[in-house]
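Chemist: Input structure: entry-v6.cif, which contains mmCIF, C-alpha atoms and all ligand atoms.
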data_final
#
loop_
_atom_site.label_atom_id
_atom_site.label_comp_id
_atom_site.auth_asym_id
_atom_site.auth_seq_id
_atom_site.Cartn_x
_atom_site.Cartn_y
_atom_site.Cartn_z
CA MET A 1 12.95 16.56 -20.50
CA ARG A 2 10.03 14.16 -20.64
CA PRO A 3 7.26 15.76 -18.59
CA ALA A 4 5.96 12.57 -16.93
CA ARG A 5 6.51 12.70 -13.18
CA ALA A 6 5.06 11.73 -9.83
CA LEU A 7 4.75 14.48 -7.24
CA ILE A 8 4.86 13.14 -3.69
CA ASP A 9 3.29 15.31 -0.99
CA LEU A 10 4.93 14.30 2.30
CA GLN A 11 2.72 16.69 4.24
CA ALA A 12 -0.29 14.68 3.05
CA LEU A 13 1.49 11.49 4.15
CA ARG A 14 1.85 12.88 7.67
CA HIS A 15 -1.77 14.05 7.64
CA ASN A 16 -2.92 10.53 6.77
CA TYR A 17 -0.74 8.98 9.47
CA GLN A 18 -2.36 11.36 11.96
CA ILE A 19 -5.79 10.21 10.81
CA ALA A 20 -4.77 6.61 11.51
CA ARG A 21 -3.72 7.78 14.96
CA GLU A 22 -6.93 9.66 15.58
CA LEU A 23 -9.04 6.65 14.57
CA THR A 24 -7.21 4.32 16.95
CA PRO A 25 -6.83 6.19 20.23
CA GLY A 26 -4.30 4.59 22.53
CA ALA A 27 -2.91 2.29 19.85
CA LYS A 28 0.54 2.47 18.35
CA ALA A 29 0.81 2.60 14.57
CA LEU A 30 3.42 1.00 12.34
CA ALA A 31 3.52 2.81 9.01
CA VAL A 32 3.56 0.11 6.34
CA ILE A 33 6.14 1.14 3.76
CA LYS A 34 6.81 -2.17 2.05
CA ALA A 35 7.26 -2.29 -1.73
CA ASP A 36 9.09 1.05 -1.68
CA ALA A 37 6.22 2.63 0.24
CA TYR A 38 3.70 1.42 -2.33
CA GLY A 39 5.74 3.14 -5.02
CA HIS A 40 6.14 6.41 -3.11
CA GLY A 41 9.79 5.90 -2.09
CA ALA A 42 10.36 4.10 1.22
CA VAL A 43 13.34 6.10 2.48
CA ARG A 44 11.78 9.50 1.85
CA CYS A 45 8.47 8.40 3.35
CA ALA A 46 10.20 6.95 6.41
CA GLN A 47 12.21 10.14 6.90
CA ALA A 48 9.04 12.21 6.62
CA LEU A 49 7.27 10.09 9.25
CA GLU A 50 10.14 9.21 11.56
CA ALA A 51 9.46 11.94 14.12
CA GLU A 52 5.91 10.74 14.76
CA ALA A 53 5.72 7.08 13.68
CA ASP A 54 5.98 4.30 16.27
CA GLY A 55 7.80 2.25 13.69
CA PHE A 56 7.67 0.90 10.17
CA ALA A 57 6.70 -2.34 8.50
CA VAL A 58 8.26 -3.80 5.37
CA ALA A 59 8.00 -7.13 3.62
CA CYS A 60 11.54 -8.42 3.92
CA ILE A 61 15.02 -7.80 5.24
CA GLU A 62 16.25 -6.25 1.99
CA GLU A 63 13.68 -3.49 2.40
CA ALA A 64 14.52 -3.10 6.08
CA LEU A 65 18.27 -2.83 5.43
CA GLU A 66 17.62 -0.04 2.95
CA LEU A 67 15.98 1.94 5.75
CA ARG A 68 18.82 1.33 8.19
CA ALA A 69 21.37 2.27 5.51
CA ALA A 70 19.54 5.57 5.13
CA GLY A 71 19.84 6.19 8.87
CA ILE A 72 16.32 5.25 9.98
CA LYS A 73 16.58 4.24 13.64
CA ALA A 74 12.93 3.50 14.39
CA PRO A 75 11.66 -0.05 14.88
CA VAL A 76 11.18 -1.93 11.60
CA LEU A 77 8.96 -5.00 11.42
CA LEU A 78 9.57 -7.68 8.78
CA LEU A 79 6.04 -8.68 7.78
CA GLU A 80 7.12 -12.00 6.29
CA GLY A 81 9.85 -12.57 8.84
CA PHE A 82 12.93 -14.26 7.46
CA PHE A 83 13.05 -16.43 4.37
CA GLU A 84 16.23 -18.21 5.42
CA ALA A 85 17.55 -18.77 8.92
CA ASP A 86 20.83 -17.02 8.19
CA GLU A 87 18.94 -13.72 8.11
CA LEU A 88 18.57 -13.99 11.88
CA SER A 89 22.01 -12.59 12.59
CA LEU A 90 21.16 -9.43 10.63
CA ILE A 91 17.82 -9.25 12.41
CA VAL A 92 19.68 -9.20 15.72
CA GLU A 93 22.35 -6.82 14.51
CA HIS A 94 19.86 -4.23 13.23
CA ASP A 95 17.18 -4.76 15.87
CA PHE A 96 14.52 -5.69 13.35
CA TRP A 97 11.23 -7.03 14.62
CA CYS A 98 10.32 -10.29 13.03
CA VAL A 99 7.00 -11.91 12.13
CA VAL A 100 6.88 -15.65 12.71
CA HIS A 101 4.18 -17.03 10.46
CA SER A 102 5.24 -20.67 10.15
CA LEU A 103 6.48 -23.50 12.31
CA TRP A 104 9.68 -23.79 10.30
CA GLN A 105 10.56 -20.23 11.33
CA LEU A 106 9.84 -21.04 14.95
CA GLU A 107 12.13 -24.06 14.78
CA ALA A 108 14.85 -21.97 13.16
CA ILE A 109 14.69 -19.51 16.05
CA GLU A 110 14.86 -22.35 18.57
CA LYS A 111 17.97 -23.69 16.89
CA ALA A 112 19.70 -20.37 16.21
CA ALA A 113 22.55 -19.01 18.29
CA LEU A 114 21.49 -15.41 18.84
CA SER A 115 23.68 -12.87 20.56
CA LYS A 116 20.60 -11.21 22.03
CA PRO A 117 16.90 -11.94 22.15
CA ILE A 118 14.63 -10.63 19.39
CA THR A 119 11.11 -9.19 19.19
CA VAL A 120 8.71 -11.57 17.49
CA TRP A 121 5.26 -10.89 16.10
CA LEU A 122 3.61 -14.29 16.20
CA LYS A 123 1.06 -14.55 13.42
CA LEU A 124 -2.13 -16.55 13.55
CA ASP A 125 -4.01 -17.78 10.51
CA SER A 126 -7.45 -16.69 11.70
CA GLY A 127 -9.17 -17.53 8.43
CA MET A 128 -7.40 -15.91 5.52
CA HIS A 129 -5.43 -19.11 4.95
CA ARG A 130 -2.35 -17.47 3.54
CA VAL A 131 0.32 -17.49 6.26
CA GLY A 132 0.12 -17.75 10.04
CA LEU A 133 0.13 -20.54 12.56
CA HIS A 134 -2.89 -22.81 12.72
CA PRO A 135 -5.01 -22.01 15.80
CA LYS A 136 -4.15 -25.40 17.32
CA ASP A 137 -0.44 -24.51 17.20
CA PHE A 138 -0.74 -20.94 18.46
CA GLN A 139 -0.53 -21.44 22.21
CA SER A 140 2.22 -24.02 21.95
CA GLY A 141 4.07 -21.80 19.48
CA TYR A 142 3.92 -18.95 21.95
CA GLN A 143 5.16 -21.16 24.80
CA ARG A 144 7.98 -22.55 22.65
CA LEU A 145 9.16 -19.05 21.78
CA LEU A 146 9.15 -18.08 25.43
CA ALA A 147 10.94 -21.25 26.43
CA SER A 148 13.57 -20.80 23.72
CA GLY A 149 15.12 -17.89 25.59
CA LYS A 150 15.70 -16.29 22.18
CA VAL A 151 12.77 -13.91 22.37
CA ALA A 152 12.50 -10.70 24.39
CA LYS A 153 8.93 -9.77 23.47
CA ILE A 154 6.03 -11.32 21.60
CA VAL A 155 3.19 -9.45 19.90
CA LEU A 156 0.25 -11.55 18.70
CA MET A 157 -1.03 -10.68 15.25
CA SER A 158 -3.33 -11.73 12.47
CA HIS A 159 -4.42 -10.31 9.13
CA PHE A 160 -7.87 -9.77 7.61
CA ALA A 161 -8.94 -11.12 4.27
CA ARG A 162 -12.09 -9.04 3.87
CA ALA A 163 -11.88 -5.99 6.11
CA ASP A 164 -12.63 -3.81 3.08
CA GLU A 165 -16.13 -5.33 2.92
CA LEU A 166 -17.90 -3.50 5.69
CA HIS A 167 -21.10 -5.52 5.52
CA GLU A 168 -19.31 -8.86 5.66
CA GLN A 169 -19.16 -10.96 8.82
CA ALA A 170 -15.81 -12.50 7.87
CA SER A 171 -13.73 -10.02 9.86
CA ALA A 172 -15.77 -10.54 13.01
CA GLU A 173 -15.35 -14.29 12.54
CA GLN A 174 -11.59 -13.85 12.20
CA VAL A 175 -11.54 -11.80 15.41
CA ALA A 176 -13.42 -14.59 17.19
CA VAL A 177 -10.89 -17.17 15.99
CA PHE A 178 -8.07 -14.90 17.13
CA GLU A 179 -9.62 -14.28 20.55
CA ALA A 180 -10.10 -17.99 21.12
CA ALA A 181 -6.56 -18.80 20.02
CA ARG A 182 -4.93 -16.22 22.27
CA GLN A 183 -7.01 -16.89 25.36
CA GLY A 184 -4.94 -16.59 28.51
CA LEU A 185 -1.88 -15.13 26.79
CA SER A 186 -0.93 -11.72 28.08
CA ALA A 187 0.69 -10.06 25.11
CA GLU A 188 -0.04 -7.04 22.96
CA ILE A 189 -2.05 -7.69 19.83
CA SER A 190 -2.09 -6.34 16.28
CA LEU A 191 -4.95 -6.87 13.89
CA ARG A 192 -5.92 -3.75 12.02
CA ASN A 193 -4.73 -2.85 8.52
CA SER A 194 -6.08 0.23 6.68
CA PRO A 195 -9.62 -0.99 6.02
CA ALA A 196 -9.89 -2.11 9.63
CA VAL A 197 -8.48 1.20 10.91
CA LEU A 198 -10.97 3.12 8.79
CA GLY A 199 -13.99 0.88 8.99
CA TRP A 200 -13.86 -1.37 12.07
CA PRO A 201 -13.47 0.85 15.15
CA GLN A 202 -14.72 -1.91 17.44
CA ILE A 203 -11.89 -4.32 16.62
CA PRO A 204 -9.14 -4.21 19.27
CA SER A 205 -5.52 -3.68 18.29
CA ASP A 206 -2.67 -2.42 20.48
CA TRP A 207 -0.70 -1.96 17.29
CA VAL A 208 -2.29 -0.98 13.99
CA ARG A 209 -0.68 -1.46 10.58
CA PRO A 210 -1.95 1.16 8.14
CA GLY A 211 -0.60 0.94 4.60
CA ILE A 212 -2.73 2.15 1.70
CA MET A 213 -4.50 4.80 3.77
CA LEU A 214 -1.18 6.55 4.43
CA TYR A 215 -0.91 7.18 0.72
CA GLY A 216 -4.36 8.73 0.70
CA ALA A 217 -6.21 6.02 -1.20
CA THR A 218 -9.31 4.28 0.01
CA PRO A 219 -9.28 0.51 0.41
CA PHE A 220 -13.05 0.44 -0.09
CA GLU A 221 -14.94 0.10 -3.34
CA GLU A 222 -17.86 2.15 -2.07
CA ALA A 223 -17.72 5.78 -1.01
CA ASN A 224 -16.69 6.07 2.64
CA ALA A 225 -16.92 9.20 4.76
CA VAL A 226 -13.88 8.41 6.90
CA ALA A 227 -11.71 7.49 3.90
CA SER A 228 -12.72 10.73 2.20
CA ARG A 229 -10.71 12.61 4.85
CA LEU A 230 -7.49 11.12 3.48
CA GLN A 231 -5.32 13.29 1.27
CA PRO A 232 -3.84 11.74 -1.87
CA VAL A 233 -0.05 11.75 -1.57
CA MET A 234 0.93 10.97 -5.16
CA THR A 235 0.03 13.06 -8.18
CA LEU A 236 0.98 11.36 -11.43
CA GLU A 237 1.14 13.99 -14.12
CA SER A 238 2.46 14.70 -17.57
CA LYS A 239 1.75 17.01 -20.48
CA VAL A 240 0.01 17.03 -23.82
CA ILE A 241 2.77 16.59 -26.41
CA CYS A 242 0.66 16.54 -29.58
CA VAL A 243 -2.85 17.62 -30.60
CA ARG A 244 -4.91 16.07 -33.41
CA GLU A 245 -8.16 17.24 -35.01
CA LEU A 246 -9.98 14.21 -36.39
CA PRO A 247 -13.20 13.95 -38.40
CA ALA A 248 -15.83 11.35 -37.53
CA GLY A 249 -15.01 7.73 -38.28
CA GLU A 250 -11.25 7.80 -37.54
CA PRO A 251 -9.47 5.28 -35.33
CA VAL A 252 -7.23 6.30 -32.42
CA GLY A 253 -4.28 4.22 -31.21
CA TYR A 254 -3.31 0.54 -31.35
CA GLY A 255 -5.97 -1.87 -32.48
CA ALA A 256 -8.32 0.96 -33.47
CA LYS A 257 -10.10 0.35 -30.19
CA PHE A 258 -11.62 3.82 -30.31
CA ILE A 259 -13.29 5.29 -33.41
CA THR A 260 -14.44 8.90 -33.41
CA GLN A 261 -18.22 9.20 -33.72
CA LYS A 262 -18.02 12.93 -34.43
CA PRO A 263 -15.26 15.43 -35.19
CA MET A 264 -12.93 15.38 -32.19
CA ARG A 265 -9.87 17.05 -30.77
CA ILE A 266 -7.44 14.58 -29.31
CA GLY A 267 -4.43 15.14 -27.10
CA VAL A 268 -1.50 12.77 -26.90
CA VAL A 269 0.03 12.57 -23.41
CA ALA A 270 3.55 11.44 -22.50
CA MET A 271 2.45 8.62 -20.20
CA GLY A 272 2.12 4.92 -20.87
CA TYR A 273 2.13 1.47 -19.39
CA ALA A 274 5.93 1.54 -19.14
CA ASP A 275 5.40 4.25 -16.52
CA GLY A 276 2.94 2.05 -14.69
CA TYR A 277 -0.24 3.58 -16.05
CA PRO A 278 -2.53 0.55 -16.34
CA ARG A 279 -2.78 -0.75 -19.90
CA HIS A 280 -6.21 -2.11 -19.10
CA ALA A 281 -7.64 1.34 -18.40
CA PRO A 282 -10.41 1.61 -21.00
CA THR A 283 -11.82 4.49 -23.00
CA GLY A 284 -13.67 6.69 -20.53
CA THR A 285 -11.15 6.40 -17.69
CA PRO A 286 -11.06 9.87 -16.10
CA VAL A 287 -8.13 12.27 -16.50
CA LEU A 288 -7.75 15.94 -15.62
CA VAL A 289 -6.44 18.24 -18.35
CA ALA A 290 -5.99 21.98 -17.99
CA GLY A 291 -7.98 21.75 -14.78
CA GLN A 292 -10.99 20.02 -16.31
CA ARG A 293 -12.09 16.41 -16.14
CA SER A 294 -11.93 14.52 -19.40
CA GLN A 295 -11.31 10.96 -20.47
CA LEU A 296 -8.88 8.47 -21.90
CA LEU A 297 -9.48 7.34 -25.50
CA GLY A 298 -8.38 4.05 -27.03
CA ARG A 299 -5.58 1.78 -25.92
CA VAL A 300 -2.80 2.90 -23.63
CA SER A 301 0.57 2.50 -25.38
CA MET A 302 3.95 1.94 -23.78
CA ASP A 303 4.96 5.62 -23.64
CA MET A 304 1.85 7.54 -24.64
CA LEU A 305 -1.88 7.64 -24.27
CA CYS A 306 -4.65 9.68 -25.89
CA ILE A 307 -7.25 11.85 -24.22
CA ASP A 308 -10.31 13.79 -25.32
CA LEU A 309 -9.82 17.56 -25.69
CA THR A 310 -13.01 18.13 -27.68
CA ASP A 311 -14.81 19.88 -24.84
CA VAL A 312 -11.71 21.35 -23.23
CA PRO A 313 -10.99 24.32 -25.49
CA GLN A 314 -8.48 25.81 -23.05
CA ALA A 315 -6.31 22.67 -23.35
CA GLY A 316 -3.64 22.33 -25.98
CA LEU A 317 0.00 21.54 -26.55
CA GLY A 318 1.83 21.65 -23.23
CA SER A 319 -1.28 21.44 -21.04
CA THR A 320 -0.76 19.62 -17.76
CA VAL A 321 -2.55 16.32 -17.38
CA GLU A 322 -3.23 14.66 -14.02
CA LEU A 323 -3.55 10.89 -14.44
CA TRP A 324 -4.28 10.47 -10.75
CA GLY A 325 -3.79 12.64 -7.69
CA LYS A 326 -5.84 15.13 -5.73
CA ASN A 327 -8.55 15.52 -8.40
CA ILE A 328 -8.65 12.17 -10.15
CA LEU A 329 -8.43 9.60 -7.38
CA ALA A 330 -6.14 6.64 -7.93
CA SER A 331 -9.03 4.48 -6.77
CA GLU A 332 -11.19 5.77 -9.66
CA VAL A 333 -8.52 4.89 -12.20
CA ALA A 334 -7.95 1.55 -10.51
CA MET A 335 -11.65 0.74 -10.59
CA ALA A 336 -11.86 1.63 -14.29
CA ALA A 337 -8.90 -0.64 -15.01
CA ASP A 338 -10.36 -3.46 -12.92
CA THR A 339 -7.61 -3.32 -10.33
CA ILE A 340 -6.91 -1.65 -6.99
CA PRO A 341 -5.01 1.51 -6.06
CA TYR A 342 -2.39 -0.66 -4.30
CA GLN A 343 -1.38 -2.14 -7.62
CA ILE A 344 -1.35 1.02 -9.67
CA PHE A 345 0.90 2.69 -7.07
CA CYS A 346 3.25 -0.30 -6.90
CA ASN A 347 3.48 -0.50 -10.68
CA LEU A 348 4.85 3.02 -10.96
CA ARG A 349 8.26 3.13 -12.62
CA ARG A 350 10.45 5.19 -14.92
CA VAL A 351 8.90 8.48 -13.83
CA PRO A 352 10.95 10.64 -11.46
CA LEU A 353 9.53 11.10 -7.96
CA LEU A 354 9.54 14.75 -6.90
CA TYR A 355 8.99 15.45 -3.20
CA SER A 356 7.45 18.37 -1.37
CA GLY A 357 6.45 19.00 2.22
CA ALA A 358 9.45 17.24 3.78
C1 LIG B 401 0.54 -4.90 3.57
C2 LIG B 401 0.13 -5.25 4.95
C3 LIG B 401 -0.55 -4.33 5.75
C4 LIG B 401 -1.04 -3.00 5.22
O1 LIG B 401 -2.23 -3.23 4.51
P1 LIG B 401 -3.10 -2.01 3.96
O2 LIG B 401 -4.33 -2.65 3.44
O3 LIG B 401 -2.30 -1.38 2.87
O4 LIG B 401 -3.32 -1.10 5.10
C5 LIG B 401 -0.81 -4.68 7.05
N1 LIG B 401 -0.45 -5.88 7.54
C6 LIG B 401 0.17 -6.80 6.79
C7 LIG B 401 0.52 -8.12 7.40
C8 LIG B 401 0.47 -6.54 5.47
O5 LIG B 401 1.07 -7.46 4.73
#
Let me see the file written as structure tokens.

Modeler:
Amino acid sequence: MRPARALIDLQALRHNYQIARELTPGAKALAVIKADAYGHGAVRCAQALEAEADGFAVACIEEALELRAAGIKAPVLLLEGFFEADELSLIVEHDFWCVVHSLWQLEAIEKAALSKPITVWLKLDSGMHRVGLHPKDFQSGYQRLLASGKVAKIVLMSHFARADELHEQASAEQVAVFEAARQGLSAEISLRNSPAVLGWPQIPSDWVRPGIMLYGATPFEEANAVASRLQPVMTLESKVICVRELPAGEPVGYGAKFITQKPMRIGVVAMGYADGYPRHAPTGTPVLVAGQRSQLLGRVSMDMLCIDLTDVPQAGLGSTVELWGKNILASEVAMAADTIPYQIFCNLRRVPLLYSGA
């Protein structure tokens, strides 16, 4: 059997959820498990968190239905609401909570015949300029939802564009826009995503929406003491399947992007970009082999990649390689590949997910 696999530590997932809790006393926390729990397996993650989580958040109804089909009874919020009005009957049937981010959705709710009222999270565009009602429409949107008789509860929400930049004023400005837009409305609010949970304790939020932090990865580029308490949930590992001794001056891999400058020992690992390992990870990207840090060499291929065993004499055929996990942080690999841990998790495919700590 091919040795590439992703180990998922559900105990670490629960630990990270508890950290989100601890950092936001009094708030309720929706565990964000969209995109198959950022590649970690939404159903298994939901099951592992169901006893303690106040609810879950996913992108769309397809993801939400998968949770219900697996027997998850907790509240599930659709972060993009519905894409077509005919989803509303399923939203009612399964008790999904629904973001309303656009006037067309609001109109669809007004027009719909619903057998019972729904819970709406009314989203404000407070400055990110992606989705959300314009501030000038927020109060009237709220009043229209109330007047429609189709809505049992409204939570007011917005989303930060730059909460991961702790020295930036942008988040404070977004809060100010939000506070002005919601003035006089007595409804619960939800603002904080992972970077805001970890880095912006002063920002209010009755409901927080942690995603990436649950999986143990930091949303920050710089080292952060609070984020360092998170435990990585996923360990992507494989094994050395071939060892090469090369003299100086020999190329390694496609495009001869790495040339040995001295005699080297090279290990070939069963892991490639078809598994989701980033093809843009350059020579020097950290890996752990036989318990020791080493580095990637040359281009990542579809099913294999090469690593340096020159100074790891204990490593050889069959040695375990951690591509990311508890020793090599996904954020380090992401940084080296000029991307973010969110993307490298979501890109994971083909490798079996093996769970522990359920
Ligand atoms: C994805 C998402 C989150 C979670 O973001 P993280 O940075 O992963 O914590 C929260 N809120 C909304 C609206 C989202 O789309």

Chemist: Check every protein, DNA and RNA residue against ligand LIG 401 (chain B), keep those with an atom at most 9 Å away (counting only C-alpha atoms and all ligand atoms), and present them as a PyMOL selection string.

Modeler: chain A and resi 30-35+38+57-59+79-80+99+123+157-160+163-164+190-197+208-215+219+342

Chemist: In Å, with one decimal, what is the gap from CA of Ala336 (chain A) to CA of Pro286 (chain A)?

Modeler: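 Here the two named atoms are 8.5 Å from each other.
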
Chemist: Which residue gives the smallest distance to Glu222 (chain A) among A:His280, A:Lys262, A:Lys111, A:His167, with only C-alpha atoms counted?

Modeler: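 Result for the nearest residue to Glu222 (chain A): A:His167.
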
Chemist: Using all atoms listed in the file, which protein or nucleic acid residues come within 9 Å of Thr119 (chain A)? Drop anything in the same chain fewer than 6 positions from it, and give the result as a list of chain:residue names.

Modeler: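 Residues near the query, excluding close chain neighbours: A:Asp95, A:Phe96, A:Trp97, A:Cys98, A:Val99, A:Lys150, A:Val151, A:Ala152, A:Lys153, A:Ile154, A:Val155.
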
Chemist: Between A:Met335, A:Ala281, A:Ala161, A:Ile109, which residue has the minimum interatomic distance to Gly141 (chain A), considering all atoms listed in the file?

Modeler: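 For Gly141 (chain A), the nearest of the candidates is A:Ile109.
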
Chemist: Name the closest residue to Lys326 (chain A) among the candidates A:Leu198, A:Leu133, A:Ala37, A:Val233; distances are taken between atoms, counting all atoms listed in the file.

Modeler: A:Val233

Chemist: Which is closer to Ser301 (chain A) than all the others in A:Glu22, A:Asp137, A:Asp275, A:Glu322, using only C-alpha atoms?

Modeler: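 Once distances to Ser301 (chain A) are computed over only C-alpha atoms, the minimum belongs to A:Asp275.
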
Chemist: What does the distance between CA of Lys136 (chain A) and CA of Glu179 (chain A) come to in Å, to one decimal place?

Modeler: 12.8 Å

Chemist: Of the candidates A:Ala170, A:Ala176, A:Ile118, A:Val252, which shows the shortest atom-to-atom distance to Leu297 (chain A), using all atoms listed in the file?

Modeler: A:Val252

Chemist: Considering all atoms listed in the file, can you say which of A:Ala358, A:Val76, A:Leu329, A:Ala315 comes closest to Thr285 (chain A)?

Modeler: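 Nearest to Thr285 (chain A): A:Leu329.
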
Chemist: Just how far from CA of Ile344 (chain A) is CA of Trp200 (chain A), in Å to one decimal?

Modeler: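 Those two atoms sit 25.2 Å apart.
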
Chemist: Quick one: everything within 12 Å of Arg229 (chain A), counting all atoms listed in the file, minus sequence neighbours fewer than 4 positions away in the same chain. Send it as a compact mmCIF listing (two decimals) with C-alpha atoms, in the coordinates of the input.

Modeler:
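Listed below is the output, selection.txt:
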# COMPACT_ATOMS: atom_id res chain seq x y z
CA ALA A 12 -0.29 14.68 3.05
CA HIS A 15 -1.77 14.05 7.64
CA ASN A 16 -2.92 10.53 6.77
CA TYR A 17 -0.74 8.98 9.47
CA GLN A 18 -2.36 11.36 11.96
CA ILE A 19 -5.79 10.21 10.81
CA ALA A 20 -4.77 6.61 11.51
CA GLU A 22 -6.93 9.66 15.58
CA LEU A 23 -9.04 6.65 14.57
CA LEU A 198 -10.97 3.12 8.79
CA MET A 213 -4.50 4.80 3.77
CA LEU A 214 -1.18 6.55 4.43
CA TYR A 215 -0.91 7.18 0.72
CA GLY A 216 -4.36 8.73 0.70
CA ALA A 217 -6.21 6.02 -1.20
CA THR A 218 -9.31 4.28 0.01
CA ALA A 223 -17.72 5.78 -1.01
CA ASN A 224 -16.69 6.07 2.64
CA ALA A 225 -16.92 9.20 4.76
CA LYS A 326 -5.84 15.13 -5.73

Chemist: List the spatial neighbours of Leu288 (chain A) as a VMD selection string - criterion: any atom at most 8 Å away, all atoms listed in the file, same-chain residues fewer than 2 positions off excluded.

Modeler: chain A and resid 286 290 to 295 321 to 323 327 to 328

Chemist: Atoms to include: C-alpha atoms. Write the selected residues as a PDB file, in the coordinates of the input.

Modeler:
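result09.pdb written:
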ATOM      1  CA  PRO A 286     -11.060   9.870 -16.100  1.00  0.00           C
ATOM      2  CA  ALA A 290      -5.990  21.980 -17.990  1.00  0.00           C
ATOM      3  CA  GLY A 291      -7.980  21.750 -14.780  1.00  0.00           C
ATOM      4  CA  GLN A 292     -10.990  20.020 -16.310  1.00  0.00           C
ATOM      5  CA  ARG A 293     -12.090  16.410 -16.140  1.00  0.00           C
ATOM      6  CA  SER A 294     -11.930  14.520 -19.400  1.00  0.00           C
ATOM      7  CA  GLN A 295     -11.310  10.960 -20.470  1.00  0.00           C
ATOM      8  CA  VAL A 321      -2.550  16.320 -17.380  1.00  0.00           C
ATOM      9  CA  GLU A 322      -3.230  14.660 -14.020  1.00  0.00           C
ATOM     10  CA  LEU A 323      -3.550  10.890 -14.440  1.00  0.00           C
ATOM     11  CA  ASN A 327      -8.550  15.520  -8.400  1.00  0.00           C
ATOM     12  CA  ILE A 328      -8.650  12.170 -10.150  1.00  0.00           C
TER      13      ILE A 328
END
